[in-house]
>>> print(open('target_27.tsv').read())   # TSV, C-alpha atoms and all ligand atoms
chain	number	residue	atom	x	y	z
A	269	VAL	CA	110.51	-59.24	258.33
A	270	THR	CA	112.75	-59.72	261.32
A	271	LEU	CA	111.13	-61.31	264.31
A	272	ALA	CA	112.17	-61.04	267.92
A	273	GLY	CA	113.60	-64.33	269.29
A	274	GLY	CA	111.89	-67.41	270.64
A	275	LEU	CA	110.00	-68.25	267.48
A	276	GLN	CA	109.72	-71.90	266.49
A	277	THR	CA	109.95	-72.26	262.74
A	278	PRO	CA	108.25	-72.81	260.43
A	279	ALA	CA	105.73	-70.28	261.71
A	280	THR	CA	102.77	-69.00	259.72
A	281	CYS	CA	102.56	-65.29	260.53
A	282	VAL	CA	100.12	-62.51	259.70
A	283	ILE	CA	101.63	-59.04	259.32
A	284	ALA	CA	98.82	-57.16	261.05
A	285	GLU	CA	99.44	-53.72	259.61
A	286	ARG	CA	99.41	-55.03	256.05
A	287	LEU	CA	96.31	-57.12	256.66
A	288	HIS	CA	94.44	-54.01	257.83
A	289	LYS	CA	95.66	-52.09	254.80
A	290	ASN	CA	94.52	-54.82	252.41
A	291	LEU	CA	91.10	-55.08	254.08
A	292	GLU	CA	90.54	-51.34	253.99
A	293	ARG	CA	91.74	-50.94	250.44
A	294	MET	CA	89.40	-53.58	248.99
A	295	GLN	CA	86.44	-52.29	251.00
A	296	SER	CA	86.98	-48.70	249.92
A	297	PHE	CA	87.46	-49.79	246.30
A	298	ALA	CA	84.15	-51.72	246.44
A	299	ASP	CA	82.37	-48.81	248.14
A	300	SER	CA	83.57	-46.22	245.68
A	301	ALA	CA	82.97	-48.35	242.59
A	302	GLY	CA	79.47	-49.32	243.76
A	303	PHE	CA	79.97	-53.03	244.50
A	304	GLY	CA	78.77	-54.84	247.58
A	305	LEU	CA	81.65	-56.82	249.11
A	306	ARG	CA	81.09	-60.38	250.30
A	307	PRO	CA	84.64	-61.59	250.93
A	308	HIS	CA	85.40	-65.30	250.65
A	309	ALA	CA	86.36	-66.48	254.15
A	310	LYS	CA	87.95	-69.74	252.94
A	311	THR	CA	91.22	-67.80	252.67
A	312	HIS	CA	91.56	-66.95	256.38
A	313	LYS	CA	89.00	-69.19	258.15
A	314	CYS	CA	89.37	-66.89	261.20
A	315	THR	CA	86.58	-65.32	263.21
A	316	GLU	CA	88.80	-62.32	263.98
A	317	ILE	CA	89.32	-61.43	260.32
A	318	ALA	CA	85.68	-62.18	259.45
A	319	ARG	CA	84.58	-59.66	262.09
A	320	MET	CA	86.99	-57.03	260.75
A	321	GLN	CA	85.53	-57.49	257.26
A	322	ILE	CA	81.99	-56.97	258.54
A	323	ARG	CA	83.02	-54.01	260.68
A	324	LEU	CA	84.60	-52.36	257.63
A	325	GLY	CA	81.35	-52.62	255.68
A	326	SER	CA	81.03	-56.04	254.05
A	327	HIS	CA	77.37	-57.00	254.07
A	328	GLY	CA	78.05	-60.70	254.53
A	329	LEU	CA	80.66	-63.36	253.85
A	330	SER	CA	81.13	-66.13	251.33
A	331	VAL	CA	82.16	-69.61	252.43
A	332	ALA	CA	82.90	-72.81	250.53
A	333	THR	CA	81.36	-75.43	252.82
A	334	VAL	CA	78.58	-75.92	255.35
A	335	GLY	CA	81.35	-76.62	257.89
A	336	GLU	CA	82.85	-73.17	257.29
A	337	ALA	CA	79.39	-71.62	257.74
A	338	GLU	CA	79.00	-73.46	261.06
A	339	ALA	CA	82.44	-72.42	262.28
A	340	LEU	CA	82.21	-68.75	261.29
A	341	GLY	CA	78.50	-67.92	261.56
A	342	GLY	CA	77.16	-66.18	264.65
A	343	GLY	CA	77.12	-62.73	266.22
A	344	ALA	CA	77.73	-60.04	263.63
A	345	ILE	CA	78.43	-62.69	260.98
A	346	ASP	CA	74.80	-63.37	260.23
A	347	ASP	CA	74.64	-63.45	256.44
A	348	LEU	CA	76.50	-66.23	254.62
A	349	PHE	CA	76.63	-67.42	251.03
A	350	VAL	CA	77.91	-70.96	250.51
A	351	CYS	CA	79.14	-70.38	246.95
A	352	PHE	CA	79.46	-74.03	246.05
A	353	PRO	CA	76.92	-76.34	244.42
A	354	ILE	CA	76.14	-78.38	247.55
A	355	TRP	CA	74.88	-81.92	246.96
A	356	ALA	CA	72.98	-82.29	250.20
A	357	ASP	CA	72.34	-85.54	252.03
A	358	GLN	CA	70.07	-85.80	255.09
A	359	ASP	CA	72.88	-84.71	257.41
A	360	LEU	CA	73.70	-81.59	255.38
A	361	VAL	CA	70.00	-80.73	255.04
A	362	SER	CA	69.52	-80.81	258.80
A	363	ARG	CA	72.73	-78.85	259.43
A	364	LEU	CA	71.65	-76.22	256.89
A	365	GLY	CA	68.25	-76.15	258.59
A	366	ALA	CA	69.90	-75.49	261.96
A	367	LEU	CA	71.94	-72.66	260.43
A	368	THR	CA	68.81	-70.99	259.06
A	369	ASP	CA	67.52	-70.66	262.64
A	370	THR	CA	70.10	-67.96	263.35
A	371	LEU	CA	71.59	-66.87	260.01
A	372	ARG	CA	70.49	-65.61	256.65
A	373	ILE	CA	71.91	-68.27	254.38
A	374	CYS	CA	72.04	-68.76	250.63
A	375	ILE	CA	73.64	-71.66	248.80
A	376	GLY	CA	74.84	-72.22	245.25
A	377	ALA	CA	73.18	-74.61	242.79
A	378	ASP	CA	73.81	-75.54	239.19
A	379	SER	CA	71.28	-78.34	238.71
A	380	ALA	CA	67.58	-78.93	239.31
A	381	GLU	CA	68.56	-82.22	240.98
A	382	SER	CA	70.67	-80.53	243.68
A	383	VAL	CA	67.89	-78.01	244.35
A	384	MET	CA	65.27	-80.78	244.77
A	385	ARG	CA	67.32	-82.28	247.59
A	386	LEU	CA	66.79	-79.07	249.59
A	387	ARG	CA	63.00	-79.02	249.31
A	388	SER	CA	62.46	-79.52	253.05
A	389	LEU	CA	64.14	-76.14	253.63
A	390	LYS	CA	61.39	-74.40	251.68
A	391	GLY	CA	60.95	-70.76	252.70
A	392	ARG	CA	64.12	-70.79	254.81
A	393	LEU	CA	67.00	-71.06	252.38
A	394	GLY	CA	68.08	-68.84	249.49
A	395	ILE	CA	69.46	-70.18	246.22
A	396	SER	CA	71.91	-68.52	243.85
A	397	VAL	CA	72.28	-70.15	240.45
A	398	GLU	CA	75.88	-70.80	239.42
A	399	ILE	CA	76.89	-69.71	235.93
A	400	ASP	CA	80.06	-70.74	234.09
A	401	CYS	CA	81.76	-67.67	232.61
A	402	GLY	CA	84.83	-69.40	231.18
A	403	LEU	CA	86.58	-71.43	233.87
A	404	ARG	CA	84.80	-74.61	232.79
A	405	ARG	CA	84.49	-75.83	236.37
A	406	THR	CA	80.97	-75.74	237.79
A	407	GLY	CA	78.00	-73.68	236.62
A	408	VAL	CA	75.47	-73.82	233.82
A	409	GLN	CA	75.70	-71.72	230.68
A	410	PRO	CA	73.82	-68.42	231.18
A	411	ALA	CA	70.81	-69.41	229.05
A	412	ALA	CA	70.31	-72.56	231.14
A	413	ALA	CA	70.07	-70.67	234.46
A	414	LEU	CA	66.32	-70.57	234.13
A	415	GLY	CA	65.93	-74.33	234.47
A	416	VAL	CA	67.70	-74.33	237.85
A	417	ALA	CA	65.84	-71.23	239.03
A	418	ARG	CA	62.45	-72.71	238.11
A	419	ALA	CA	63.26	-75.91	240.00
A	420	ALA	CA	64.02	-73.81	243.09
A	421	ARG	CA	60.78	-71.87	242.69
A	422	GLU	CA	58.79	-75.10	242.32
A	423	VAL	CA	60.01	-76.40	245.67
A	424	GLY	CA	59.55	-73.04	247.43
A	425	LEU	CA	63.18	-71.96	247.75
A	426	THR	CA	63.84	-68.26	247.20
A	427	VAL	CA	66.02	-67.51	244.19
A	428	GLU	CA	68.22	-64.66	245.35
A	429	GLY	CA	70.61	-64.31	242.48
A	430	VAL	CA	73.19	-65.65	240.07
A	431	PHE	CA	76.90	-66.08	240.69
A	432	THR	CA	80.02	-66.95	238.80
A	433	PHE	CA	83.72	-67.41	239.56
A	434	PRO	CA	85.98	-65.90	236.87
A	435	GLY	CA	88.83	-68.22	237.84
A	436	HIS	CA	90.42	-67.98	234.39
A	437	SER	CA	91.75	-64.67	235.77
A	438	TYR	CA	94.51	-66.90	237.24
A	439	ALA	CA	96.70	-66.71	234.13
A	440	PRO	CA	99.07	-63.95	233.07
A	441	GLY	CA	97.29	-61.18	231.18
A	442	MET	CA	93.81	-62.69	231.57
A	443	GLN	CA	92.33	-60.36	234.21
A	444	ASP	CA	90.44	-57.97	231.90
A	445	GLU	CA	89.07	-60.78	229.75
A	446	ALA	CA	87.90	-62.76	232.78
A	447	ALA	CA	86.15	-59.68	234.19
A	448	ALA	CA	84.43	-59.07	230.84
A	449	ASP	CA	83.32	-62.72	230.65
A	450	GLU	CA	82.01	-62.49	234.21
A	451	ALA	CA	79.92	-59.40	233.43
A	452	ALA	CA	78.52	-60.83	230.19
A	453	ALA	CA	77.54	-64.16	231.76
A	454	LEU	CA	75.89	-62.59	234.82
A	455	GLU	CA	74.02	-60.09	232.71
A	456	GLU	CA	72.67	-62.71	230.31
A	457	ALA	CA	71.61	-65.13	233.04
A	458	ALA	CA	69.94	-62.41	235.13
A	459	ALA	CA	68.09	-61.07	232.07
A	460	VAL	CA	66.63	-64.49	231.26
A	461	MET	CA	65.51	-64.95	234.85
A	462	LEU	CA	64.07	-61.44	235.26
A	463	GLN	CA	62.00	-62.00	232.14
A	464	ASP	CA	60.52	-65.08	233.77
A	465	GLY	CA	59.45	-63.11	236.84
A	466	PHE	CA	62.40	-63.71	239.15
A	467	GLY	CA	63.87	-60.79	241.06
A	468	PRO	CA	65.35	-58.82	242.58
A	469	LEU	CA	68.55	-60.73	241.79
A	470	VAL	CA	72.07	-60.26	243.13
A	471	ARG	CA	74.68	-60.73	240.39
A	472	SER	CA	77.72	-61.96	242.28
A	473	GLY	CA	81.22	-62.33	240.88
A	474	GLY	CA	84.80	-61.63	241.66
A	475	SER	CA	88.13	-63.31	242.16
A	476	THR	CA	91.11	-61.47	243.61
A	477	PRO	CA	92.95	-61.02	240.27
A	478	SER	CA	89.85	-59.70	238.47
A	479	ALA	CA	88.13	-57.77	241.29
A	480	ARG	CA	89.46	-54.37	240.32
A	481	ARG	CA	88.46	-54.95	236.70
A	482	ALA	CA	84.86	-55.95	237.54
A	483	HIS	CA	82.11	-54.10	235.69
A	484	PRO	CA	80.03	-51.86	237.99
A	485	ARG	CA	76.24	-51.87	237.50
A	486	THR	CA	76.41	-55.26	235.74
A	487	VAL	CA	78.05	-56.96	238.72
A	488	ASP	CA	76.42	-56.13	242.08
A	489	GLU	CA	78.68	-57.97	244.49
A	490	LEU	CA	82.31	-59.17	244.62
A	491	ARG	CA	83.64	-62.22	246.49
A	492	PRO	CA	87.45	-61.98	246.55
A	493	GLY	CA	89.20	-63.98	249.27
A	494	VAL	CA	92.97	-63.97	248.72
A	495	TYR	CA	93.24	-60.14	248.81
A	496	VAL	CA	93.37	-60.18	252.63
A	497	PHE	CA	96.88	-61.68	252.59
A	498	ASN	CA	97.91	-61.92	248.91
A	499	ASP	CA	100.47	-64.54	247.84
A	500	ALA	CA	103.18	-65.35	245.31
A	501	GLN	CA	100.58	-66.06	242.63
A	502	GLN	CA	99.19	-62.53	242.98
A	503	ILE	CA	102.72	-61.10	242.79
A	504	GLU	CA	103.52	-63.04	239.63
A	505	LEU	CA	100.19	-62.07	238.03
A	506	GLY	CA	101.06	-58.42	238.73
A	507	VAL	CA	98.02	-58.04	241.00
A	508	ALA	CA	99.97	-57.43	244.24
A	509	GLY	CA	103.42	-56.20	245.18
A	510	PHE	CA	105.76	-57.55	247.85
A	511	ASP	CA	104.56	-54.74	250.15
A	512	ASP	CA	101.00	-56.08	249.94
A	513	ILE	CA	101.93	-59.52	251.32
A	514	ALA	CA	100.31	-59.92	254.74
A	515	LEU	CA	101.01	-63.61	255.42
A	516	VAL	CA	104.39	-65.29	255.42
A	517	VAL	CA	105.81	-68.55	256.65
A	518	VAL	CA	108.89	-67.68	258.69
A	519	ALA	CA	111.54	-70.36	258.16
A	520	THR	CA	115.10	-71.01	259.29
A	521	VAL	CA	118.04	-71.48	256.92
A	522	VAL	CA	119.10	-74.99	257.91
A	523	SER	CA	121.60	-75.68	255.14
A	524	ARG	CA	123.75	-73.72	252.71
A	525	PRO	CA	125.24	-76.37	250.45
A	526	GLU	CA	126.79	-73.74	248.16
A	527	PRO	CA	126.92	-69.93	248.23
A	528	GLY	CA	123.90	-69.35	245.94
A	529	ARG	CA	121.70	-72.09	247.39
A	530	ILE	CA	120.03	-72.29	250.78
A	531	VAL	CA	117.62	-74.81	252.26
A	532	LEU	CA	114.76	-73.81	254.60
A	533	ASP	CA	112.86	-75.82	257.20
A	534	ALA	CA	109.53	-75.07	255.48
A	535	GLY	CA	108.27	-77.61	252.95
A	536	SER	CA	105.01	-78.57	251.33
A	537	LYS	CA	103.48	-79.49	254.71
A	538	VAL	CA	103.40	-75.82	255.66
A	539	LEU	CA	103.61	-73.95	252.33
A	540	GLY	CA	101.19	-76.12	250.35
A	541	GLN	CA	101.85	-77.78	247.01
A	542	ASP	CA	100.03	-75.47	244.61
A	543	ARG	CA	102.12	-74.44	241.66
A	544	PRO	CA	100.43	-73.21	238.48
A	545	SER	CA	102.30	-73.87	235.23
A	546	TRP	CA	103.21	-70.19	234.86
A	547	ALA	CA	104.65	-69.79	238.38
A	548	THR	CA	108.41	-69.25	238.59
A	549	GLY	CA	108.77	-71.57	241.56
A	550	HIS	CA	107.14	-72.93	244.72
A	551	GLY	CA	106.87	-69.54	246.39
A	552	ARG	CA	108.89	-66.36	246.87
A	553	LEU	CA	110.99	-64.79	249.62
A	554	LEU	CA	109.60	-61.51	250.93
A	555	ASP	CA	112.93	-59.74	251.28
A	556	TYR	CA	114.76	-61.31	248.31
A	557	PRO	CA	112.76	-60.65	245.13
A	558	ASP	CA	115.34	-62.39	242.91
A	559	ALA	CA	115.28	-65.65	244.86
A	560	ARG	CA	113.23	-68.60	243.62
A	561	ILE	CA	112.14	-71.75	245.45
A	562	ARG	CA	113.27	-74.35	242.95
A	563	GLY	CA	112.58	-77.52	244.93
A	564	LEU	CA	110.00	-78.42	247.55
A	565	TRP	CA	109.87	-81.50	249.72
A	566	GLU	CA	107.67	-82.15	252.74
A	567	HIS	CA	110.13	-80.45	255.11
A	568	HIS	CA	112.60	-78.68	252.82
A	569	ALA	CA	112.42	-75.73	250.48
A	570	VAL	CA	115.48	-75.32	248.27
A	571	VAL	CA	116.08	-71.71	247.32
A	572	GLU	CA	118.29	-70.34	244.54
A	573	LEU	CA	119.24	-66.84	245.63
A	574	ASN	CA	120.11	-65.52	242.16
A	575	GLY	CA	121.98	-62.66	243.75
A	576	PRO	CA	124.66	-61.86	246.29
A	577	GLY	CA	124.42	-64.52	248.99
A	578	THR	CA	124.14	-62.55	252.18
A	579	ILE	CA	121.90	-65.08	253.94
A	580	ARG	CA	123.69	-67.18	256.55
A	581	LEU	CA	122.97	-70.47	258.24
A	582	GLY	CA	120.48	-69.98	261.08
A	583	ASP	CA	118.95	-66.80	259.61
A	584	LEU	CA	115.19	-66.42	259.54
A	585	VAL	CA	113.55	-65.71	256.19
A	586	ALA	CA	109.94	-64.91	255.32
A	587	VAL	CA	108.49	-67.19	252.65
A	588	VAL	CA	105.50	-66.09	250.57
A	589	PRO	CA	103.44	-69.19	249.68
A	590	ASN	CA	102.19	-69.60	246.13
A	591	HIS	CA	98.57	-70.03	247.25
A	592	VAL	CA	97.79	-68.60	250.65
A	593	CYS	CA	94.41	-70.36	251.16
A	594	THR	CA	95.98	-73.81	251.13
A	595	ALA	CA	98.88	-72.66	253.34
A	596	VAL	CA	96.47	-71.33	255.99
A	597	ASN	CA	94.55	-74.59	255.90
A	598	LEU	CA	97.69	-76.47	256.96
A	599	VAL	CA	98.02	-74.83	260.38
A	600	SER	CA	95.78	-74.56	263.40
A	601	GLU	CA	96.72	-71.00	264.32
A	602	LEU	CA	98.18	-67.88	262.78
A	603	LEU	CA	100.73	-65.81	264.70
A	604	VAL	CA	99.87	-62.13	264.53
A	605	VAL	CA	102.94	-59.94	264.17
A	606	GLU	CA	103.17	-56.24	264.91
A	607	ALA	CA	106.44	-54.32	264.94
A	608	ALA	CA	108.46	-57.56	264.77
A	609	SER	CA	106.75	-59.10	267.82
A	610	VAL	CA	104.08	-61.76	268.04
A	611	VAL	CA	101.14	-59.97	269.67
A	612	ASP	CA	98.34	-62.50	269.25
A	613	ARG	CA	97.39	-65.93	267.95
A	614	TRP	CA	94.27	-66.48	265.88
A	615	ALA	CA	92.77	-69.93	265.57
A	616	VAL	CA	92.14	-71.13	262.02
A	617	ARG	CA	88.69	-71.88	263.31
A	618	ALA	CA	87.00	-73.20	260.20
A	619	ARG	CA	89.74	-75.78	259.72
A	620	GLY	CA	89.44	-79.22	261.19
A	621	GLY	CA	86.87	-81.87	260.33
A	622	HIS	CA	86.85	-83.17	256.80
A	623	ASP	CA	83.87	-81.07	255.74
A	624	HIS	CA	85.37	-77.87	257.16
A	625	ARG	CA	88.18	-77.90	254.66
A	701	LIG	C1	83.27	-69.62	244.03
A	701	LIG	C2	84.41	-68.77	244.45
A	701	LIG	N1	84.19	-67.47	244.74
A	701	LIG	C3	85.18	-66.66	245.15
A	701	LIG	C4	86.49	-67.11	245.27
A	701	LIG	C5	87.57	-66.17	245.74
A	701	LIG	O1	88.50	-65.82	244.77
A	701	LIG	P1	90.08	-65.65	245.07
A	701	LIG	O2	90.55	-66.95	245.58
A	701	LIG	O3	90.66	-65.29	243.76
A	701	LIG	O4	90.21	-64.57	246.07
A	701	LIG	C6	86.76	-68.45	244.95
A	701	LIG	C7	88.14	-68.97	245.03
A	701	LIG	O5	88.45	-70.07	244.71
A	701	LIG	C8	85.70	-69.30	244.54
A	701	LIG	O6	85.91	-70.59	244.23
>>> encode(input="target_27.tsv", output="structure tokens", more="lines below")
Ligand SMILES: Cc1ncc(COP(=O)(O)O)c(C=O)c1O
Amino acid sequence: VTLAGGLQTPATCVIAERLHKNLERMQSFADSAGFGLRPHAKTHKCTEIARMQIRLGSHGLSVATVGEAEALGGGAIDDLFVCFPIWADQDLVSRLGALTDTLRICIGADSAESVMRLRSLKGRLGISVEIDCGLRRTGVQPAAALGVARAAREVGLTVEGVFTFPGHSYAPGMQDEAAADEAAALEEAAAVMLQDGFGPLVRSGGSTPSARRAHPRTVDELRPGVYVFNDAQQIELGVAGFDDIALVVVATVVSRPEPGRIVLDAGSKVLGQDRPSWATGHGRLLDYPDARIRGLWEHHAVVELNGPGTIRLGDLVAVVPNHVCTAVNLVSELLVVEAASVVDRWAVRARGGHDHR
């Protein structure tokens, strides 16, 4: 991208046209394949994008925290799933209670103990049981879903479904396997629960790398988040191309110590630190596919161009962060770019207090 002058760098910019394309493409994929779409709003944390997702046909949104639900809920955004096994204290219980006054809200659980702590929200709060399908993060094994579901039933909370996050899709070549694991785990857990009289149940899955490999009819709903912007991880997994990148950090070339090496004024404080073991660097450059960010400090990114060095001191370059969700969380607003001009600024609304992150 080339931006008209006056821009202070580093600047976290949304390429509006590409954002719209990404939103529409995922929604029409979900519609035609028969999945409900409940996008994860932790990626953008913006009311503006949340509204676009609902307008395009998403039946609700996913969030990671009660703080995100508070920041984004309201108006057309009236159906939220906190897909995290909340361990509620008195404060969280009363905040969840306040949310149920105006929103339909469901939260994740993977233990009877966490469900018991929500008993005062009886009849007002939905529960979805978290299943582990291979990531080995949170979630019970499918056969153990019943224990959590029964605990919810005992205290009068409605069991609305089962969910899993196939996060092992974040490794080269693992997308099909993760999608198959997701389907098998959701199917087994739902079957055990249906036999015990629970239902109807929503079987919710989906990560961005595995979304297009999800199994229709076994999985009812998908919760991808990153697809709105994409990032260097998605490029290197082969899930997105450079043309699908809708968020970049525009940076200035502040140093060119040798012809093949430039240094940018965008470091870990704006790009984020995430770097999976298989990544080729700390991010990519949108217009220079051969370049790699070999070193990252708080305020510096050191780039090896690996090609003819046409970039000069003072040039602007567009950096694609490795993990866009953490990059968004580092800024308070996103600059919206259309035809090389900044046309709007969107607040990263659900960022801020500790429990909003
Ligand atoms: C529980 C849960 N659901 C959905 C998502 C969204 O997946 P992705 O980040 O691949 O878009 C995440 C991401 O971390 C998640 O933790």
>>> residues_around(input="target_27.tsv", residues="Ile399 of chain A", least_positions_apart="4", cutoff="10 Å", atoms="all atoms listed in the file", output="list in words")
Gly376, Ala377, Asp378, Arg404, Arg405, Thr406, Gly407, Val408, Gln409, Pro410, Ala411, Ala412, Ala413, Val430, Phe431, Thr432, Phe433, Pro434, Glu450, Ala453, Leu454, Glu456, Ala457 and Gly473 of chain A
>>> write_last_selection(input="target_27.tsv", atoms="C-alpha atoms", output="PDB file, in the coordinates of the input")
ATOM      1  CA  GLY A 376      74.840 -72.220 245.250  1.00  0.00           C
ATOM      2  CA  ALA A 377      73.180 -74.610 242.790  1.00  0.00           C
ATOM      3  CA  ASP A 378      73.810 -75.540 239.190  1.00  0.00           C
ATOM      4  CA  ARG A 404      84.800 -74.610 232.790  1.00  0.00           C
ATOM      5  CA  ARG A 405      84.490 -75.830 236.370  1.00  0.00           C
ATOM      6  CA  THR A 406      80.970 -75.740 237.790  1.00  0.00           C
ATOM      7  CA  GLY A 407      78.000 -73.680 236.620  1.00  0.00           C
ATOM      8  CA  VAL A 408      75.470 -73.820 233.820  1.00  0.00           C
ATOM      9  CA  GLN A 409      75.700 -71.720 230.680  1.00  0.00           C
ATOM     10  CA  PRO A 410      73.820 -68.420 231.180  1.00  0.00           C
ATOM     11  CA  ALA A 411      70.810 -69.410 229.050  1.00  0.00           C
ATOM     12  CA  ALA A 412      70.310 -72.560 231.140  1.00  0.00           C
ATOM     13  CA  ALA A 413      70.070 -70.670 234.460  1.00  0.00           C
ATOM     14  CA  VAL A 430      73.190 -65.650 240.070  1.00  0.00           C
ATOM     15  CA  PHE A 431      76.900 -66.080 240.690  1.00  0.00           C
ATOM     16  CA  THR A 432      80.020 -66.950 238.800  1.00  0.00           C
ATOM     17  CA  PHE A 433      83.720 -67.410 239.560  1.00  0.00           C
ATOM     18  CA  PRO A 434      85.980 -65.900 236.870  1.00  0.00           C
ATOM     19  CA  GLU A 450      82.010 -62.490 234.210  1.00  0.00           C
ATOM     20  CA  ALA A 453      77.540 -64.160 231.760  1.00  0.00           C
ATOM     21  CA  LEU A 454      75.890 -62.590 234.820  1.00  0.00           C
ATOM     22  CA  GLU A 456      72.670 -62.710 230.310  1.00  0.00           C
ATOM     23  CA  ALA A 457      71.610 -65.130 233.040  1.00  0.00           C
ATOM     24  CA  GLY A 473      81.220 -62.330 240.880  1.00  0.00           C
TER      25      GLY A 473
END
>>> residues_near_ligand(input="target_27.tsv", ligand="ligand LIG 701 (chain A)", cutoff="7 Å", atoms="all atoms listed in the file", output="ChimeraX atom specification")
/A:308,351-352,432-433,435,474-477,491-495
>>> residues_near_point(input="target_27.tsv", point="(101.1, -72.8, 247.2)", cutoff="7 Å", atoms="all atoms listed in the file", output="list in words")
Leu539, Gly540, Gln541, Asp542, Arg543, His550, Gly551, Pro589, Asn590, His591, Val592, Thr594 and Ala595 of chain A
>>> closest_residue(input="target_27.tsv", among="A:Cys593, A:Ala318, A:Ala534, A:Leu598", to="Val570 of chain A", atoms="all atoms listed in the file")
A:Ala534
>>> closest_residue(input="target_27.tsv", among="A:Asp488, A:Glu566, A:Asp533, A:Glu572", to="Phe303 of chain A", atoms="only C-alpha atoms")
A:Asp488
>>> atom_distance(input="target_27.tsv", atom1="atom CA of Ser478 of chain A", atom2="atom CA of Ala451 of chain A")
11.1 Å
>>> atom_distance(input="target_27.tsv", atom1="atom CA of Val334 of chain A", atom2="atom CA of Glu428 of chain A")
18.3 Å
>>> closest_residue(input="target_27.tsv", among="A:Ala309, A:Leu287, A:Val538, A:Ala547", to="Pro440 of chain A", atoms="only C-alpha atoms")
A:Ala547
>>> atom_distance(input="target_27.tsv", atom1="atom CA of Ser388 of chain A", atom2="atom CA of Gly335 of chain A")
19.7 Å
>>> axis_aligned_box(input="target_27.tsv", around="segment 305-322 of chain A", padding_each_side="6 Å", output="lines of an AutoDock Vina configuration file")
center_x = 86.3
center_y = -63.3
center_z = 256.5
size_x = 22.5
size_y = 24.9
size_z = 26.9
>>> residues_around(input="target_27.tsv", residues="Ile283 of chain A", least_positions_apart="6", cutoff="9 Å", atoms="only C-alpha atoms", output="list in words")
Val269, Phe497, Ile513, Ala514, Leu515, Val516, Leu603, Val604, Val605, Glu606, Ala607 and Ala608 of chain A
>>> residues_around(input="target_27.tsv", residues="Leu340 of chain A", least_positions_apart="2", cutoff="9 Å", atoms="only C-alpha atoms", output="PDB file with C-alpha atoms, keeping the file's coordinate frame")
ATOM      1  CA  ALA A 309      86.360 -66.480 254.150  1.00  0.00           C
ATOM      2  CA  LYS A 313      89.000 -69.190 258.150  1.00  0.00           C
ATOM      3  CA  CYS A 314      89.370 -66.890 261.200  1.00  0.00           C
ATOM      4  CA  THR A 315      86.580 -65.320 263.210  1.00  0.00           C
ATOM      5  CA  ALA A 318      85.680 -62.180 259.450  1.00  0.00           C
ATOM      6  CA  VAL A 331      82.160 -69.610 252.430  1.00  0.00           C
ATOM      7  CA  GLY A 335      81.350 -76.620 257.890  1.00  0.00           C
ATOM      8  CA  GLU A 336      82.850 -73.170 257.290  1.00  0.00           C
ATOM      9  CA  ALA A 337      79.390 -71.620 257.740  1.00  0.00           C
ATOM     10  CA  GLU A 338      79.000 -73.460 261.060  1.00  0.00           C
ATOM     11  CA  GLY A 342      77.160 -66.180 264.650  1.00  0.00           C
ATOM     12  CA  ILE A 345      78.430 -62.690 260.980  1.00  0.00           C
ATOM     13  CA  ARG A 617      88.690 -71.880 263.310  1.00  0.00           C
ATOM     14  CA  ALA A 618      87.000 -73.200 260.200  1.00  0.00           C
TER      15      ALA A 618
END
>>> residues_around(input="target_27.tsv", residues="Asp449 of chain A", least_positions_apart="6", cutoff="10 Å", atoms="only C-alpha atoms", output="list in words")
Asp400, Cys401, Gly402, Leu403, Thr432, Pro434, His436, Gln443, Glu455 and Ala482 of chain A
>>> closest_residue(input="target_27.tsv", among="A:Arg372, A:Arg480, A:Arg293, A:His568", to="Ile530 of chain A", atoms="all atoms listed in the file")
A:His568
>>> closest_residue(input="target_27.tsv", among="A:Val531, A:Ala519, A:Ala559, A:Cys281", to="Val585 of chain A", atoms="only C-alpha atoms")
A:Ala519
>>> closest_residue(input="target_27.tsv", among="A:Gly429, A:Gly467, A:Pro278, A:Pro576", to="Ser536 of chain A", atoms="all atoms listed in the file")
A:Pro278
>>> build_atoms(input="target_27.tsv", residues="segment 437-444 of chain A", atoms="N, CA and C atoms", output="PDB file, in the coordinates of the input")
ATOM      1  N   SER A 437      90.913 -65.851 235.492  1.00  0.00           N
ATOM      2  CA  SER A 437      91.750 -64.670 235.770  1.00  0.00           C
ATOM      3  C   SER A 437      93.109 -65.098 236.317  1.00  0.00           C
ATOM      4  N   TYR A 438      93.235 -66.377 236.709  1.00  0.00           N
ATOM      5  CA  TYR A 438      94.510 -66.900 237.240  1.00  0.00           C
ATOM      6  C   TYR A 438      95.420 -67.364 236.098  1.00  0.00           C
ATOM      7  N   ALA A 439      95.716 -66.452 235.193  1.00  0.00           N
ATOM      8  CA  ALA A 439      96.700 -66.710 234.130  1.00  0.00           C
ATOM      9  C   ALA A 439      97.229 -65.341 233.719  1.00  0.00           C
ATOM     10  N   PRO A 440      98.511 -65.266 233.386  1.00  0.00           N
ATOM     11  CA  PRO A 440      99.070 -63.950 233.070  1.00  0.00           C
ATOM     12  C   PRO A 440      98.281 -63.249 231.963  1.00  0.00           C
ATOM     13  N   GLY A 441      97.950 -62.001 232.197  1.00  0.00           N
ATOM     14  CA  GLY A 441      97.290 -61.180 231.180  1.00  0.00           C
ATOM     15  C   GLY A 441      95.813 -61.451 230.986  1.00  0.00           C
ATOM     16  N   MET A 442      95.209 -62.289 231.793  1.00  0.00           N
ATOM     17  CA  MET A 442      93.810 -62.690 231.570  1.00  0.00           C
ATOM     18  C   MET A 442      92.793 -61.917 232.411  1.00  0.00           C
ATOM     19  N   GLN A 443      93.239 -60.967 233.234  1.00  0.00           N
ATOM     20  CA  GLN A 443      92.330 -60.360 234.210  1.00  0.00           C
ATOM     21  C   GLN A 443      91.194 -59.569 233.545  1.00  0.00           C
ATOM     22  N   ASP A 444      91.500 -58.770 232.537  1.00  0.00           N
ATOM     23  CA  ASP A 444      90.440 -57.970 231.900  1.00  0.00           C
ATOM     24  C   ASP A 444      89.432 -58.868 231.191  1.00  0.00           C
TER      25      ASP A 444
END
